[in-house]
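Trainee: Just one file: start.tsv, with TSV, C-alpha atoms.
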chain	number	residue	atom	x	y	z
A	1154	MET	CA	-40.17	84.07	102.48
A	1155	LEU	CA	-39.94	86.00	99.18
A	1156	GLY	CA	-40.93	89.64	98.98
A	1157	ALA	CA	-42.04	91.15	95.70
A	1158	GLY	CA	-38.50	92.38	95.05
A	1159	LEU	CA	-36.90	88.94	95.39
A	1160	PHE	CA	-39.73	87.30	93.41
A	1161	ILE	CA	-39.16	89.72	90.52
A	1162	ALA	CA	-35.37	89.36	90.84
A	1163	GLN	CA	-35.72	85.56	90.56
A	1164	ARG	CA	-37.79	85.89	87.36
A	1165	VAL	CA	-35.60	88.62	85.82
A	1166	THR	CA	-32.38	86.68	86.50
A	1167	ALA	CA	-34.02	83.56	85.02
A	1168	LEU	CA	-34.90	85.43	81.83
A	1169	ILE	CA	-31.38	86.86	81.57
A	1170	LEU	CA	-29.81	83.45	82.26
A	1171	ALA	CA	-31.84	81.56	79.61
A	1172	PRO	CA	-29.73	82.65	76.57
A	1173	PHE	CA	-26.53	82.17	78.62
A	1174	VAL	CA	-27.52	78.59	79.51
A	1175	ILE	CA	-28.42	77.81	75.88
A	1176	ALA	CA	-25.02	79.16	74.73
A	1177	HIS	CA	-23.24	77.27	77.54
A	1178	LEU	CA	-24.97	73.98	76.62
A	1179	ALA	CA	-24.03	74.52	72.97
A	1180	LEU	CA	-20.40	75.20	73.97
A	1181	ILE	CA	-20.31	72.08	76.18
A	1182	ILE	CA	-21.61	69.89	73.35
A	1183	ILE	CA	-19.11	71.39	70.88
A	1184	ALA	CA	-16.12	71.29	73.28
A	1185	VAL	CA	-16.64	67.73	74.54
A	1186	HIS	CA	-16.08	66.19	71.10
A	1187	GLY	CA	-12.78	64.30	71.15
A	1188	GLY	CA	-12.44	64.60	74.94
A	1189	LEU	CA	-11.72	67.57	77.20
A	1190	ASP	CA	-8.18	68.92	77.06
A	1191	ALA	CA	-6.95	71.78	79.26
A	1192	ALA	CA	-4.50	73.19	76.70
A	1193	GLU	CA	-7.24	73.27	74.04
A	1194	ILE	CA	-9.74	74.95	76.41
A	1195	LEU	CA	-7.25	77.53	77.69
A	1196	ALA	CA	-6.09	78.33	74.14
A	1197	ARG	CA	-9.66	79.47	73.44
A	1198	THR	CA	-10.20	81.35	76.70
A	1199	ARG	CA	-6.86	82.98	77.67
A	1200	GLY	CA	-6.81	86.69	76.89
A	1201	ASN	CA	-10.30	86.60	75.38
A	1202	PRO	CA	-12.26	89.63	76.70
A	1203	TRP	CA	-15.55	88.42	75.16
A	1204	PHE	CA	-15.26	85.10	76.94
A	1205	ALA	CA	-14.45	86.89	80.23
A	1206	ALA	CA	-17.42	89.27	79.87
A	1207	PHE	CA	-19.79	86.44	78.91
A	1208	TYR	CA	-18.85	84.15	81.79
A	1209	GLN	CA	-18.53	86.90	84.42
A	1210	THR	CA	-22.08	88.04	83.58
A	1211	PHE	CA	-23.22	84.39	83.63
A	1212	VAL	CA	-21.61	83.83	87.05
A	1213	THR	CA	-23.12	87.02	88.52
A	1214	PHE	CA	-26.69	86.24	87.48
A	1215	ALA	CA	-26.35	82.51	88.26
A	1216	ALA	CA	-25.16	83.36	91.80
A	1217	LEU	CA	-28.14	85.70	92.32
A	1218	HIS	CA	-30.62	83.19	90.88
A	1219	ALA	CA	-29.22	80.27	92.88
A	1220	ALA	CA	-29.13	82.26	96.14
A	1221	ILE	CA	-32.80	83.25	95.84
A	1222	GLY	CA	-33.73	79.68	94.81
A	1223	VAL	CA	-31.93	78.17	97.82
A	1224	ARG	CA	-33.73	80.70	100.05
A	1225	VAL	CA	-37.15	79.59	98.72
A	1226	ILE	CA	-36.33	75.90	99.22
A	1227	CYS	CA	-34.92	76.45	102.73
A	1228	ALA	CA	-38.04	78.42	103.69
A	1229	GLU	CA	-40.37	75.71	102.35
A	1230	TRP	CA	-38.50	72.71	103.73
A	1231	SER	CA	-38.00	74.27	107.17
A	1232	ARG	CA	-41.82	74.81	107.44
A	1233	GLY	CA	-41.45	78.17	109.13
A	1234	ARG	CA	-38.64	77.20	111.54
A	1235	LEU	CA	-36.25	79.63	109.81
A	1236	ASN	CA	-36.97	83.32	110.35
A	1237	ALA	CA	-36.12	86.23	108.03
A	1238	ILE	CA	-32.63	86.69	109.55
A	1239	HIS	CA	-31.76	83.01	108.97
A	1240	LEU	CA	-33.04	83.20	105.39
A	1241	ASP	CA	-31.18	86.46	104.70
A	1242	SER	CA	-27.96	84.87	106.06
A	1243	ILE	CA	-28.39	81.77	103.87
A	1244	THR	CA	-29.14	83.88	100.78
A	1245	LEU	CA	-26.14	86.15	101.32
A	1246	THR	CA	-23.78	83.23	102.06
A	1247	VAL	CA	-24.79	81.34	98.89
A	1248	LEU	CA	-24.60	84.54	96.83
A	1249	LEU	CA	-21.11	85.46	98.06
A	1250	LEU	CA	-19.78	81.89	97.86
A	1251	LEU	CA	-20.93	81.35	94.27
A	1252	PHE	CA	-19.99	84.86	93.12
A	1253	CYS	CA	-16.46	84.72	94.60
A	1254	MET	CA	-15.73	81.14	93.51
A	1255	GLY	CA	-17.21	81.75	90.05
A	1256	SER	CA	-15.34	85.02	89.53
A	1257	PHE	CA	-12.07	83.36	90.53
A	1258	ALA	CA	-12.78	80.48	88.10
A	1259	VAL	CA	-13.37	83.00	85.27
A	1260	PHE	CA	-10.12	84.78	86.25
A	1261	ALA	CA	-8.24	81.44	86.27
A	1262	VAL	CA	-9.27	80.44	82.75
A	1263	VAL	CA	-9.02	83.91	81.16
A	1264	VAL	CA	-5.90	85.53	82.68
B	317	MET	CA	-76.41	49.29	91.86
B	318	ARG	CA	-73.20	48.55	89.95
B	319	ARG	CA	-70.02	49.60	91.60
B	320	PRO	CA	-67.59	51.60	89.42
B	321	ARG	CA	-64.57	49.54	88.30
B	322	ARG	CA	-61.46	50.55	90.20
B	323	ASN	CA	-57.98	50.62	88.78
B	324	SER	CA	-55.79	48.27	90.84
B	325	ALA	CA	-52.80	50.64	90.75
B	326	ARG	CA	-54.94	53.53	91.94
B	327	SER	CA	-56.56	51.49	94.68
B	328	ALA	CA	-53.20	50.54	96.18
B	329	GLN	CA	-52.62	51.73	99.73
B	330	PRO	CA	-51.10	55.23	99.74
B	331	THR	CA	-47.69	55.68	101.32
B	332	SER	CA	-48.25	59.34	102.18
B	333	THR	CA	-50.31	60.44	105.17
B	334	ALA	CA	-51.81	63.35	103.21
B	335	PRO	CA	-55.53	62.96	102.41
B	336	PRO	CA	-56.32	61.77	98.84
B	337	HIS	CA	-57.55	65.16	97.61
B	338	ARG	CA	-54.19	66.68	98.58
B	339	ARG	CA	-52.19	63.83	96.98
B	340	ALA	CA	-53.89	63.39	93.59
B	341	HIS	CA	-51.95	66.21	91.90
B	342	ARG	CA	-48.69	64.32	92.53
B	343	ARG	CA	-49.57	61.81	89.82
B	344	HIS	CA	-49.80	64.52	87.15
B	345	ALA	CA	-47.07	65.34	84.62
B	346	PRO	CA	-47.00	69.07	85.56
B	347	TYR	CA	-46.27	68.15	89.20
B	348	PHE	CA	-43.49	65.78	88.07
B	349	ALA	CA	-42.02	68.54	85.86
B	350	PHE	CA	-42.25	71.00	88.78
B	351	TRP	CA	-40.53	68.51	91.11
B	352	LEU	CA	-37.77	67.85	88.53
B	353	HIS	CA	-37.26	71.61	88.19
B	354	ARG	CA	-36.85	71.95	91.97
B	355	ALA	CA	-34.54	68.94	92.30
B	356	SER	CA	-32.40	70.01	89.32
B	357	GLY	CA	-32.03	73.50	90.86
B	358	VAL	CA	-30.84	72.09	94.20
B	359	LEU	CA	-28.41	69.66	92.54
B	360	LEU	CA	-27.00	72.37	90.25
B	361	ALA	CA	-26.52	74.72	93.22
B	362	LEU	CA	-24.59	71.93	94.99
B	363	PHE	CA	-22.55	71.15	91.86
B	364	LEU	CA	-21.54	74.76	91.05
B	365	PRO	CA	-18.90	75.17	93.82
B	366	LEU	CA	-17.24	71.91	92.70
B	367	HIS	CA	-17.31	73.08	89.06
B	368	PHE	CA	-15.75	76.44	90.00
B	369	TRP	CA	-13.14	74.68	92.16
B	370	VAL	CA	-12.00	72.51	89.22
B	371	LEU	CA	-11.87	75.47	86.82
B	372	SER	CA	-9.93	77.53	89.37
B	373	SER	CA	-7.12	74.99	89.21
B	374	ALA	CA	-6.27	76.48	85.78
B	375	VAL	CA	-4.64	79.36	87.65
B	376	LEU	CA	-1.73	76.96	88.37
B	377	GLY	CA	-1.43	76.03	84.67
B	378	ALA	CA	-2.91	73.66	82.08
B	379	GLU	CA	-1.31	70.61	83.73
B	380	SER	CA	-3.17	71.26	86.95
B	381	LEU	CA	-6.53	71.49	85.15
B	382	ASP	CA	-5.67	68.41	83.11
B	383	GLY	CA	-5.24	66.52	86.38
B	384	TYR	CA	-9.02	66.86	86.85
B	385	LEU	CA	-10.03	66.62	83.17
B	386	VAL	CA	-8.33	63.25	82.76
B	387	LEU	CA	-10.97	61.87	85.15
B	388	THR	CA	-13.73	62.84	82.67
B	389	ARG	CA	-12.49	60.18	80.22
B	390	HIS	CA	-13.85	57.40	82.43
B	391	PRO	CA	-17.27	56.07	81.26
B	392	ALA	CA	-18.72	56.65	84.76
B	393	ALA	CA	-17.67	60.31	84.56
B	394	LYS	CA	-19.33	60.60	81.15
B	395	ALA	CA	-22.53	59.16	82.63
B	396	ALA	CA	-22.32	61.76	85.43
B	397	GLU	CA	-21.77	64.51	82.83
B	398	PHE	CA	-24.84	63.24	80.95
B	399	GLY	CA	-26.77	63.66	84.19
B	400	LEU	CA	-25.45	67.19	84.69
B	401	VAL	CA	-26.32	68.26	81.14
B	402	PHE	CA	-29.79	66.76	81.65
B	403	LEU	CA	-30.19	68.68	84.93
B	404	LEU	CA	-29.09	71.97	83.34
B	405	ALA	CA	-31.38	71.52	80.30
B	406	MET	CA	-34.22	70.39	82.59
B	407	HIS	CA	-33.83	73.47	84.78
B	408	LEU	CA	-33.72	75.73	81.71
B	409	PHE	CA	-36.80	74.31	79.98
B	410	GLY	CA	-38.65	73.80	83.29
B	411	GLY	CA	-38.01	77.43	84.24
B	412	LEU	CA	-39.27	78.67	80.87
B	413	ARG	CA	-42.40	76.53	81.38
B	414	ILE	CA	-43.04	78.05	84.81
B	415	MET	CA	-42.61	81.59	83.51
B	416	ALA	CA	-44.91	80.87	80.56
B	417	LEU	CA	-47.52	79.64	83.06
B	418	GLU	CA	-47.08	82.75	85.20
B	419	PHE	CA	-46.93	85.43	82.54
B	420	LEU	CA	-48.92	84.10	79.57
B	421	THR	CA	-52.66	83.62	79.50
B	422	TRP	CA	-52.64	80.14	77.97
B	423	ARG	CA	-53.64	77.25	80.20
B	424	ALA	CA	-54.80	74.41	77.90
B	425	ALA	CA	-51.72	72.32	77.24
B	426	HIS	CA	-50.12	71.93	80.72
B	427	LYS	CA	-49.44	68.21	80.47
B	428	THR	CA	-48.16	68.31	76.90
B	429	VAL	CA	-45.74	71.13	77.72
B	430	ALA	CA	-44.54	69.37	80.89
B	431	ALA	CA	-43.83	66.20	78.89
B	432	ALA	CA	-42.16	68.24	76.12
B	433	VAL	CA	-39.89	69.93	78.70
B	434	ILE	CA	-38.63	66.57	80.02
B	435	ALA	CA	-38.24	65.22	76.46
B	436	ALA	CA	-36.30	68.30	75.33
B	437	ALA	CA	-33.93	68.06	78.32
B	438	PHE	CA	-33.37	64.38	77.61
B	439	ALA	CA	-32.71	65.14	73.92
B	440	VAL	CA	-30.06	67.75	74.80
B	441	ALA	CA	-28.38	65.31	77.22
B	442	CYS	CA	-28.42	62.59	74.55
B	443	GLY	CA	-26.87	65.07	72.09
B	444	PHE	CA	-24.07	65.59	74.61
B	445	LEU	CA	-23.57	61.84	75.04
B	446	LEU	CA	-23.37	61.26	71.27
B	447	ARG	CA	-20.61	63.89	71.03
B	448	ALA	CA	-18.79	62.67	74.17
B	449	PHE	CA	-18.11	59.17	72.82
Turn this file's structure into structure tokens for me.
Mentor:
Amino acid sequence: MLGAGLFIAQRVTALILAPFVIAHLALIIIAVHGGLDAAEILARTRGNPWFAAFYQTFVTFAALHAAIGVRVICAEWSRGRLNAIHLDSITLTVLLLLFCMGSFAVFAVVV
Amino acid sequence: MRRPRRNSARSAQPTSTAPPHRRAHRRHAPYFAFWLHRASGVLLALFLPLHFWVLSSAVLGAESLDGYLVLTRHPAAKAAEFGLVFLLAMHLFGGLRIMALEFLTWRAAHKTVAAAVIAAAFAVACGFLLRAF
């Protein structure tokens, strides 16, 4: 199900993600005051390299963390019906889907 | 010989087919916190593609993104956002709890920490709701 490498990767990505999630929650709570407005959001994000770096890193580690988490849940819920190839395919699909969609979302709000 | 008094709620017929010794842990706060951590992870993984899809609409301009953001002004959408913030905070604090259990030596306050994790997530979500309205 999870080798030592993936187990450590899951924990390391979780530790890296913790400050990102705290910052993201703080940003959500600040930004939501007075309602969400696209012009206001994009004025803060467009052309901002710090914002791009922050969210691209967030997306990368979130995609890795989610892909490994989905793998663990699929392995447990399938009760052994999924073999290593199935689990590798699921992990890679989730990783690529979230990484590509997330990277494009960061591109859309920054560029 | 006196029989021990039985709690009526505990003596109710179990719904699960698992034997009692394998089911008892499910009534404990740490198991509930673990289950919430799992469920929040699955729901967040399902929500992320939708979140990225909405944000990607900004590539067509602010008006396109506003087309989605206008939906968030509805009270039902705010309730859903409250749920999402709760899930994210729950997954964060629940994950920190699990790593503390795995990597630290302390073992005494499992139930208190599990309850504190759920309370902290709820507090963050309430903070969001207070700002949203």
Trainee: Using all atoms listed in the file, which residue out of B:Arg447, B:Arg389, B:His426, B:His407 lies closest to Asp1190 of chain A?
Mentor: B:Arg389
Trainee: Restricting the calculation to all atoms listed in the file: of A:Ala1176, A:Ile1181, A:Ala1167, A:Val1263, which residue gets closest to Val401 of chain B?
Mentor: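 Under the stated criterion, the closest residue is A:Ile1181.
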Trainee: Excluding Ala374 of chain B and any residue of its chain fewer than 5 positions from it, enumerate the residues within 10 Å of it, using all atoms listed in the file, and give them as a PDB file with C-alpha atoms, keeping the file's coordinate frame.
Mentor:
ATOM      1  CA  ALA A1191      -6.950  71.780  79.260  1.00  0.00           C
ATOM      2  CA  ALA A1192      -4.500  73.190  76.700  1.00  0.00           C
ATOM      3  CA  LEU A1195      -7.250  77.530  77.690  1.00  0.00           C
ATOM      4  CA  ALA A1258     -12.780  80.480  88.100  1.00  0.00           C
ATOM      5  CA  VAL A1259     -13.370  83.000  85.270  1.00  0.00           C
ATOM      6  CA  PHE A1260     -10.120  84.780  86.250  1.00  0.00           C
ATOM      7  CA  ALA A1261      -8.240  81.440  86.270  1.00  0.00           C
ATOM      8  CA  VAL A1262      -9.270  80.440  82.750  1.00  0.00           C
ATOM      9  CA  VAL A1263      -9.020  83.910  81.160  1.00  0.00           C
ATOM     10  CA  VAL A1264      -5.900  85.530  82.680  1.00  0.00           C
TER      11      VAL A1264
ATOM     12  CA  TRP B 369     -13.140  74.680  92.160  1.00  0.00           C
ATOM     13  CA  GLU B 379      -1.310  70.610  83.730  1.00  0.00           C
ATOM     14  CA  SER B 380      -3.170  71.260  86.950  1.00  0.00           C
ATOM     15  CA  LEU B 381      -6.530  71.490  85.150  1.00  0.00           C
ATOM     16  CA  ASP B 382      -5.670  68.410  83.110  1.00  0.00           C
TER      17      ASP B 382
END
Trainee: Using Å and a single decimal, report how far atom CA of Val433 of chain B sits from atom CA of Phe409 of chain B.
Mentor: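 For atom CA of Phe409 of chain B relative to atom CA of Val433 of chain B, the distance reads 5.5 Å.
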Trainee: Quick one: 3 Å padding each side, axis-aligned, all listed atoms of segment 1246-1251 of chain A - centre and edge lengths in Å to one decimal, as JSON?
Mentor:
{"center_x": -22.3, "center_y": 83.4, "center_z": 98.2, "size_x": 11.0, "size_y": 10.1, "size_z": 13.8}
Trainee: What gap, in Å, lies between atom CA of Phe444 of chain B and atom CA of Lys394 of chain B?
Mentor: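 Between these atoms lies a distance of 9.5 Å.
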Trainee: Give me the chain B side of the contact with chain A, cut-off 10 Å, one line per residue showing its nearest atom pair and distance in Å at one decimal, counting all atoms listed in the file, sorted by chain and residue number, as JSON lines.
Mentor:
{"residue": "B:Arg354", "atom": "CA", "partner": "A:Ile1226", "partner_atom": "CA", "distance": 8.3}
{"residue": "B:Ala355", "atom": "CA", "partner": "A:Ile1226", "partner_atom": "CA", "distance": 10.0}
{"residue": "B:Gly357", "atom": "CA", "partner": "A:Gly1222", "partner_atom": "CA", "distance": 7.5}
{"residue": "B:Val358", "atom": "CA", "partner": "A:Val1223", "partner_atom": "CA", "distance": 7.2}
{"residue": "B:Leu360", "atom": "CA", "partner": "A:Ala1219", "partner_atom": "CA", "distance": 8.6}
{"residue": "B:Ala361", "atom": "CA", "partner": "A:Ala1219", "partner_atom": "CA", "distance": 6.2}
{"residue": "B:Leu362", "atom": "CA", "partner": "A:Ala1219", "partner_atom": "CA", "distance": 9.8}
{"residue": "B:Leu364", "atom": "CA", "partner": "A:Leu1251", "partner_atom": "CA", "distance": 7.4}
{"residue": "B:Pro365", "atom": "CA", "partner": "A:Leu1251", "partner_atom": "CA", "distance": 6.5}
{"residue": "B:Leu366", "atom": "CA", "partner": "A:Met1254", "partner_atom": "CA", "distance": 9.4}
{"residue": "B:His367", "atom": "CA", "partner": "A:Gly1255", "partner_atom": "CA", "distance": 8.7}
{"residue": "B:Phe368", "atom": "CA", "partner": "A:Ala1258", "partner_atom": "CA", "distance": 5.4}
{"residue": "B:Trp369", "atom": "CA", "partner": "A:Ala1258", "partner_atom": "CA", "distance": 7.1}
{"residue": "B:Val370", "atom": "CA", "partner": "A:Ala1258", "partner_atom": "CA", "distance": 8.1}
{"residue": "B:Leu371", "atom": "CA", "partner": "A:Ala1258", "partner_atom": "CA", "distance": 5.3}
{"residue": "B:Ser372", "atom": "CA", "partner": "A:Ala1258", "partner_atom": "CA", "distance": 4.3}
{"residue": "B:Ser373", "atom": "CA", "partner": "A:Ala1261", "partner_atom": "CA", "distance": 7.2}
{"residue": "B:Ala374", "atom": "CA", "partner": "A:Ala1261", "partner_atom": "CA", "distance": 5.4}
{"residue": "B:Val375", "atom": "CA", "partner": "A:Ala1261", "partner_atom": "CA", "distance": 4.4}
{"residue": "B:Leu376", "atom": "CA", "partner": "A:Ala1261", "partner_atom": "CA", "distance": 8.2}
{"residue": "B:Gly377", "atom": "CA", "partner": "A:Ala1191", "partner_atom": "CA", "distance": 8.8}
{"residue": "B:Ala378", "atom": "CA", "partner": "A:Ala1191", "partner_atom": "CA", "distance": 5.3}
{"residue": "B:Glu379", "atom": "CA", "partner": "A:Ala1191", "partner_atom": "CA", "distance": 7.3}
{"residue": "B:Ser380", "atom": "CA", "partner": "A:Ala1191", "partner_atom": "CA", "distance": 8.6}
{"residue": "B:Leu381", "atom": "CA", "partner": "A:Ala1191", "partner_atom": "CA", "distance": 5.9}
{"residue": "B:Asp382", "atom": "CA", "partner": "A:Ala1191", "partner_atom": "CA", "distance": 5.3}
{"residue": "B:Gly383", "atom": "CA", "partner": "A:Ala1191", "partner_atom": "CA", "distance": 9.0}
{"residue": "B:Tyr384", "atom": "CA", "partner": "A:Ala1191", "partner_atom": "CA", "distance": 9.3}
{"residue": "B:Leu385", "atom": "CA", "partner": "A:Leu1189", "partner_atom": "CA", "distance": 6.3}
{"residue": "B:Val386", "atom": "CA", "partner": "A:Leu1189", "partner_atom": "CA", "distance": 7.8}
{"residue": "B:Leu387", "atom": "CA", "partner": "A:Leu1189", "partner_atom": "CA", "distance": 9.8}
{"residue": "B:Thr388", "atom": "CA", "partner": "A:Leu1189", "partner_atom": "CA", "distance": 7.5}
{"residue": "B:Arg389", "atom": "CA", "partner": "A:Gly1188", "partner_atom": "CA", "distance": 6.9}
{"residue": "B:Val401", "atom": "CA", "partner": "A:Leu1178", "partner_atom": "CA", "distance": 7.4}
{"residue": "B:Leu404", "atom": "CA", "partner": "A:Val1174", "partner_atom": "CA", "distance": 7.8}
{"residue": "B:Ala405", "atom": "CA", "partner": "A:Leu1178", "partner_atom": "CA", "distance": 7.8}
{"residue": "B:His407", "atom": "CA", "partner": "A:Val1174", "partner_atom": "CA", "distance": 9.7}
{"residue": "B:Leu408", "atom": "CA", "partner": "A:Ala1171", "partner_atom": "CA", "distance": 6.5}
{"residue": "B:Phe409", "atom": "CA", "partner": "A:Ala1171", "partner_atom": "CA", "distance": 8.8}
{"residue": "B:Gly411", "atom": "CA", "partner": "A:Ala1167", "partner_atom": "CA", "distance": 7.4}
{"residue": "B:Leu412", "atom": "CA", "partner": "A:Ala1171", "partner_atom": "CA", "distance": 8.1}
{"residue": "B:Ile414", "atom": "CA", "partner": "A:Arg1164", "partner_atom": "CA", "distance": 9.8}
{"residue": "B:Met415", "atom": "CA", "partner": "A:Arg1164", "partner_atom": "CA", "distance": 7.5}
{"residue": "B:Val440", "atom": "CA", "partner": "A:Leu1178", "partner_atom": "CA", "distance": 8.2}
{"residue": "B:Ala441", "atom": "CA", "partner": "A:Ile1182", "partner_atom": "CA", "distance": 9.0}
{"residue": "B:Gly443", "atom": "CA", "partner": "A:Ile1182", "partner_atom": "CA", "distance": 7.2}
{"residue": "B:Phe444", "atom": "CA", "partner": "A:Ile1182", "partner_atom": "CA", "distance": 5.1}
{"residue": "B:Leu445", "atom": "CA", "partner": "A:Ile1182", "partner_atom": "CA", "distance": 8.5}
{"residue": "B:Leu446", "atom": "CA", "partner": "A:His1186", "partner_atom": "CA", "distance": 8.8}
{"residue": "B:Arg447", "atom": "CA", "partner": "A:His1186", "partner_atom": "CA", "distance": 5.1}
{"residue": "B:Ala448", "atom": "CA", "partner": "A:His1186", "partner_atom": "CA", "distance": 5.4}
{"residue": "B:Phe449", "atom": "CA", "partner": "A:His1186", "partner_atom": "CA", "distance": 7.5}
Trainee: Take atom CA of Ile1169 of chain A and atom CA of Phe1207 of chain A and report the distance between them in Å, one decimal.
Mentor: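 Taking atom CA of Ile1169 of chain A and atom CA of Phe1207 of chain A, their separation equals 11.9 Å.
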Trainee: Looking at B:Ala424, B:Ala431, B:Ala345, B:Ala439, which one is nearest to Leu403 of chain B, with distances taken over all atoms listed in the file?
Mentor: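 Closest to Leu403 of chain B of all the choices is B:Ala439.
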Trainee: Would you please work out which residue, of B:Ala436, B:Leu359, B:Ala349, B:Pro391, is nearest to Gly410 of chain B when using only C-alpha atoms?
Mentor: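 Of the candidates, the smallest distance to Gly410 of chain B is held by B:Ala349.
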Trainee: List the spatial neighbours of Ile1243 of chain A as a ChimeraX atom specification - criterion: any atom at most 9 Å away, only C-alpha atoms, same-chain residues fewer than 2 positions off excluded.
Mentor: /A:1220,1223-1224,1227,1238-1241,1245-1248
